Every structure is written in structure tokens, then in C-alpha cells.
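S.K.: Quick one: the structure is below, and I'll ask about it shortly.
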Amino acid sequence: MKSSVQVITLGCSKNTVDTGHLLAQLPEGSFEILPEGWTGPVDWLLVNTCGFIGDAKEESIQVVLQAAERRKEGSAGHLLVFGCLSQRYLSDLPALIPEVDGWFGARDLDPVLRAMGVHPKDSLRTARYPQEGAYAYLKISEGCDRRCSYCAIPLIRGAHRSVPIEKIVEEAQGLAGRGVKELILIAQDTTYYGLDLYGKRRLSDVLRALSEVSGIEWIRVHYSYPEGFPEDVIEEMASNPKVCPYLDIPLQHISDKVLGNMHRGVTGEWTRALIARMRERIPGVVLRTTVIVGHPGEGPGEFDELLSFVREARFERLGAFKYSEEEGTWGAAHLVDDVPPEEKQRRYDALMGLQSGISAAFNESRVGRSCRVLVDSVMDGKLIARSQYESPEVDGEIIVSCPAGTDLQAMVGSFVDVRITDALEYDLLAELEA
């Protein structure tokens, strides 16, 4: 008789990939994998936690407590917890939540499997548990050698470790064989890729190798770091039709004072020059960034400089975080969190209000244009799709109306041509082109 397994995955797309790798190791004849939203009895209940910032830690703890309650009631036979939160607090959590049968770190997939009686197979290292959908995240490295003063990721995930190019291609081939058409490259720092294995940055080589995988049509780069950004990646994005003219590049700030406190390794002038080169050399590039408001050292003048930069750079997509002190980081030990919470909120609201107008203007500029989109799903009689300029889960969608009688479900996972007819605050409306 098969044992049932349910994994609840919290946090970022990197955790999603880890869960996919773990589930792919489970022998089909021995385990039945239940959906994440399952609330009934289960033999093995696993929680893949996030421990990045305060809100994420609180969510992870609440989910683990809920899972512990299921274990206490008898509806979960075994409860295992792994991932970033348990990595960070491995010595504290077992005494606090004794209902958990085993605590494991962020890099402990093999120990989790062994606790379930499964011997991990090297032949399945690049396998992923089958997923529905036309896109997939592809993790090209793990860990981080950066030492940004506010960030706990190196404490949790360890040093940077690149996945060999041949293994990345092997995993991509497996995904393409299941119908995946878009790969989203992720890591703690994608532009650092290769330094540990090859002695130089080789993200551009990864892009070229993946563009030769049959069935892959779009390749998107996330989590790039501005310092040392490889110039050959700019060239590859400009010349390779399979690499989306879209880049996620978290800049965090523009003030030299704040960037120095953050240990980002760049100046405001250097950052402006990099953005200018990207705009000039990659036709129609869409840039997504994130910034932190209320970081130690950000006074009114530094925040005004940030607003001016956002107004000038006109990022098509921008997200923001309010600074929170993370224990164990350099910033927590050496900087004073001197911006009051209400002022952080005021700055956040002002920044996002500015960005709302910029994003709306970008959406408006696309009305009347035609574009190729990838259909992700069907909802309320319409196609839910994205162009090269929208990344899943973080950007808006293109909602496509189709003629009556159209077999919408048959289009899921396919590319279609549409014409943009209207712009909403985040999403776009479109019509299917003949």
C-alpha cells in the first residue's frame, strides 16, 4: 500500500524548485503525492519553510503550528520540517514544537528523504516532480558570497555554489519534455554564476546553451545583481531571440550613503550608467527592480534622491520593502534602525504611489499594439496569458477575449497572437488576433 505525502511550500520560487526535486526522488510505487491544499489524513506531512524576513518567518511558524496540530490530532502520521526557517533556528525550534518528528535545514533534501526511508538516487538529481503549466523556474546556483548588510541569506543558504552547465541543460530538457516552454532562471545571484566552478562569470553561456534546448522558446533572468554585471549578458539579451528582453535586477537604493551602509559594492553613478547601457543596447527592455525604504542612513535627502531616481529611470516594474532588522546580519550588529515605523510606511506609500503612475503609463503605451503571448490558464471564459514583458506571479497578466465557440482549454500552454485593447492598473485586456 502506498504512503501518502503532502508538501506545503512557503517562500520564494527557489523553495518551489527544492520541493520539486525532493518529490521527484519518491518511488512512484511507494508514495502517493497529495496536493498542497489537502486537509484530510496524510501519512507524511512536510513543510518547506521560509526564514528571509519577519513576515515570512511568522507565516512559516503559523503553518508549522497548524501542521503540528494535525499531527497531534492524528491526521498526519509523520511531520517533517525543512527549509530556511528551520536552518536558521535549528537549535531552538525542536523544544518549542515537539510534535515535529524531524527538523532539517535548507540544504537537507537527502536527509529528509532518508528520514522517509528513501535512498536518494544520483540519476534523479535533475528530475522534477511533474507540474502543469508552460513555465518553470530553473535554479542555476545555490547560496551567496555577497555580504549585503541587511541580508541573512548567506547565513541560511551558505556560500555560492553553481550548478554545472550540463546539469542545468539536462534539467531543462526534462522540463521541455513535459511541455514547459518558458524557463525562469533563478538563484540568490544569477549574474555571479560560474565564478566558483569555472573561474569566471558564465551566465551568457548558460543562456546560449538553454536556447538550444528543443521546445524552449523563452528564457527569463531573475535575481541579477548590479555589481559586476556581465557585459556579455547584455549582448546576449540584445541578440538572442529566445532570451526575453526583461530583467529582474534588485538595486535596493541609489544614494551612495545608503548603498555604502548596505555593502552593495556600487555607487549611484555606477548604477545609473548600468541602467543607461541596458536601455540603450537592449531594444525595448523591461526592467523590474526592488528597493528598500527606511534603511539605516536613509534620511529625507536620501529618500528624495531615491524618488528622483525612480522618476528618472522609469522602471516598468518596481517593488519595495520596508527595512526590518534581521538578527545575525552585519546591519543588525553595527547599524541603528533609526527610521520610525510610521515614517517607513510614509516613504513606502510615497514611492509606490509614484511607481503606480509609471507602471500605468507603461501599460497605456501598449494599447493598440499586437504581441505574442503564452497562455497560462483559462478563467471566466477568457485566456490568462503573458507576453515577454510579464513574469509570472510578480507582474500583471494579459486577459484575452476570444470569439464564441473557441476551444480555450486547447490553447493553454501555447503561444497565440493578440492585440492589446485596454490597460487596467496592473493587467492588460486583449483580443485574439485572427
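In the C-alpha cells, the first chain shown is A, the next is B, and so on; residue numbers restart at 1 for each chain, and ligands run from 1 in the order shown.
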Just want the 10 Å neighbourhood of region 142-146 of chain A, counted on only C-alpha atoms, with same-chain residues fewer than 6 positions away dropped. Output as a list in words.
M.R.: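 In the requested form, the answer reads Lys14, Arg107, Ile153, Pro154, Leu155, Ile156, Arg157, Gly158, Ala159, His160, Arg161, Ser162, Val163, Ile186, Ala187, Gln188, Asp189, Thr190, Tyr192, Tyr193, Asp196, Tyr225, His263, Arg264 and Gly265 of chain A.
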S.K.: Enumerate, as a PyMOL selection string, the complete set of residues in region 22-237 of chain A that a backbone-based DSSP assignment places in strand (DSSP E).
M.R.: chain A and resi 31-33+42-49+76-83+102-103+135-139+141-142+161-162+182-186+218-221
S.K.: Between CA of Lys57 (chain A) and CA of Asn15 (chain A), what is the distance in Å, rounded to a tenth?
M.R.: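 Between CA of Lys57 (chain A) and CA of Asn15 (chain A) the gap is 14.1 Å.
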S.K.: Report as number ranges by chain all protein, DNA and RNA residues lying within 12 Å of region 164-168 of chain A, evaluated on only C-alpha atoms, omitting residues in the same chain fewer than 6 positions from it.
M.R.: A: 122-127, 137-142, 174-175, 183, 185-186, 193-198, 202-211, 213
S.K.: If you count only C-alpha atoms, which residues fall within 12 Å of Arg372 (chain A), apart from same-chain ones fewer than 6 positions away, as a count of residues only?
M.R.: 21
S.K.: Mind giving me the straight-line distance from CA of Asp376 (chain A) to CA of Asp407 (chain A) in Å, one decimal?
M.R.: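 If I compute the distance from CA of Asp376 (chain A) to CA of Asp407 (chain A), I get 14.4 Å.
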S.K.: Need the shell around region 341-352 of chain A: protein/DNA/RNA residues with any atom at most 8 Å away, counting only C-alpha atoms. Skip same-chain ones fewer than 5 positions apart. Format as a count of residues only?
M.R.: 9
S.K.: Could you please determine the separation between CA of Thr329 (chain A) and CA of Pro98 (chain A) in Å, to one decimal place?
M.R.: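 Going from CA of Thr329 (chain A) over to CA of Pro98 (chain A), I get 28.3 Å.
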S.K.: Quick one: of A:Pro130, A:Gly117, A:Gly37, A:Gly83, who's nearest to Gly20 (chain A), counting only C-alpha atoms?
M.R.: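 Of A:Pro130, A:Gly117, A:Gly37, A:Gly83, the one nearest Gly20 (chain A) is A:Pro130, counting only C-alpha atoms.
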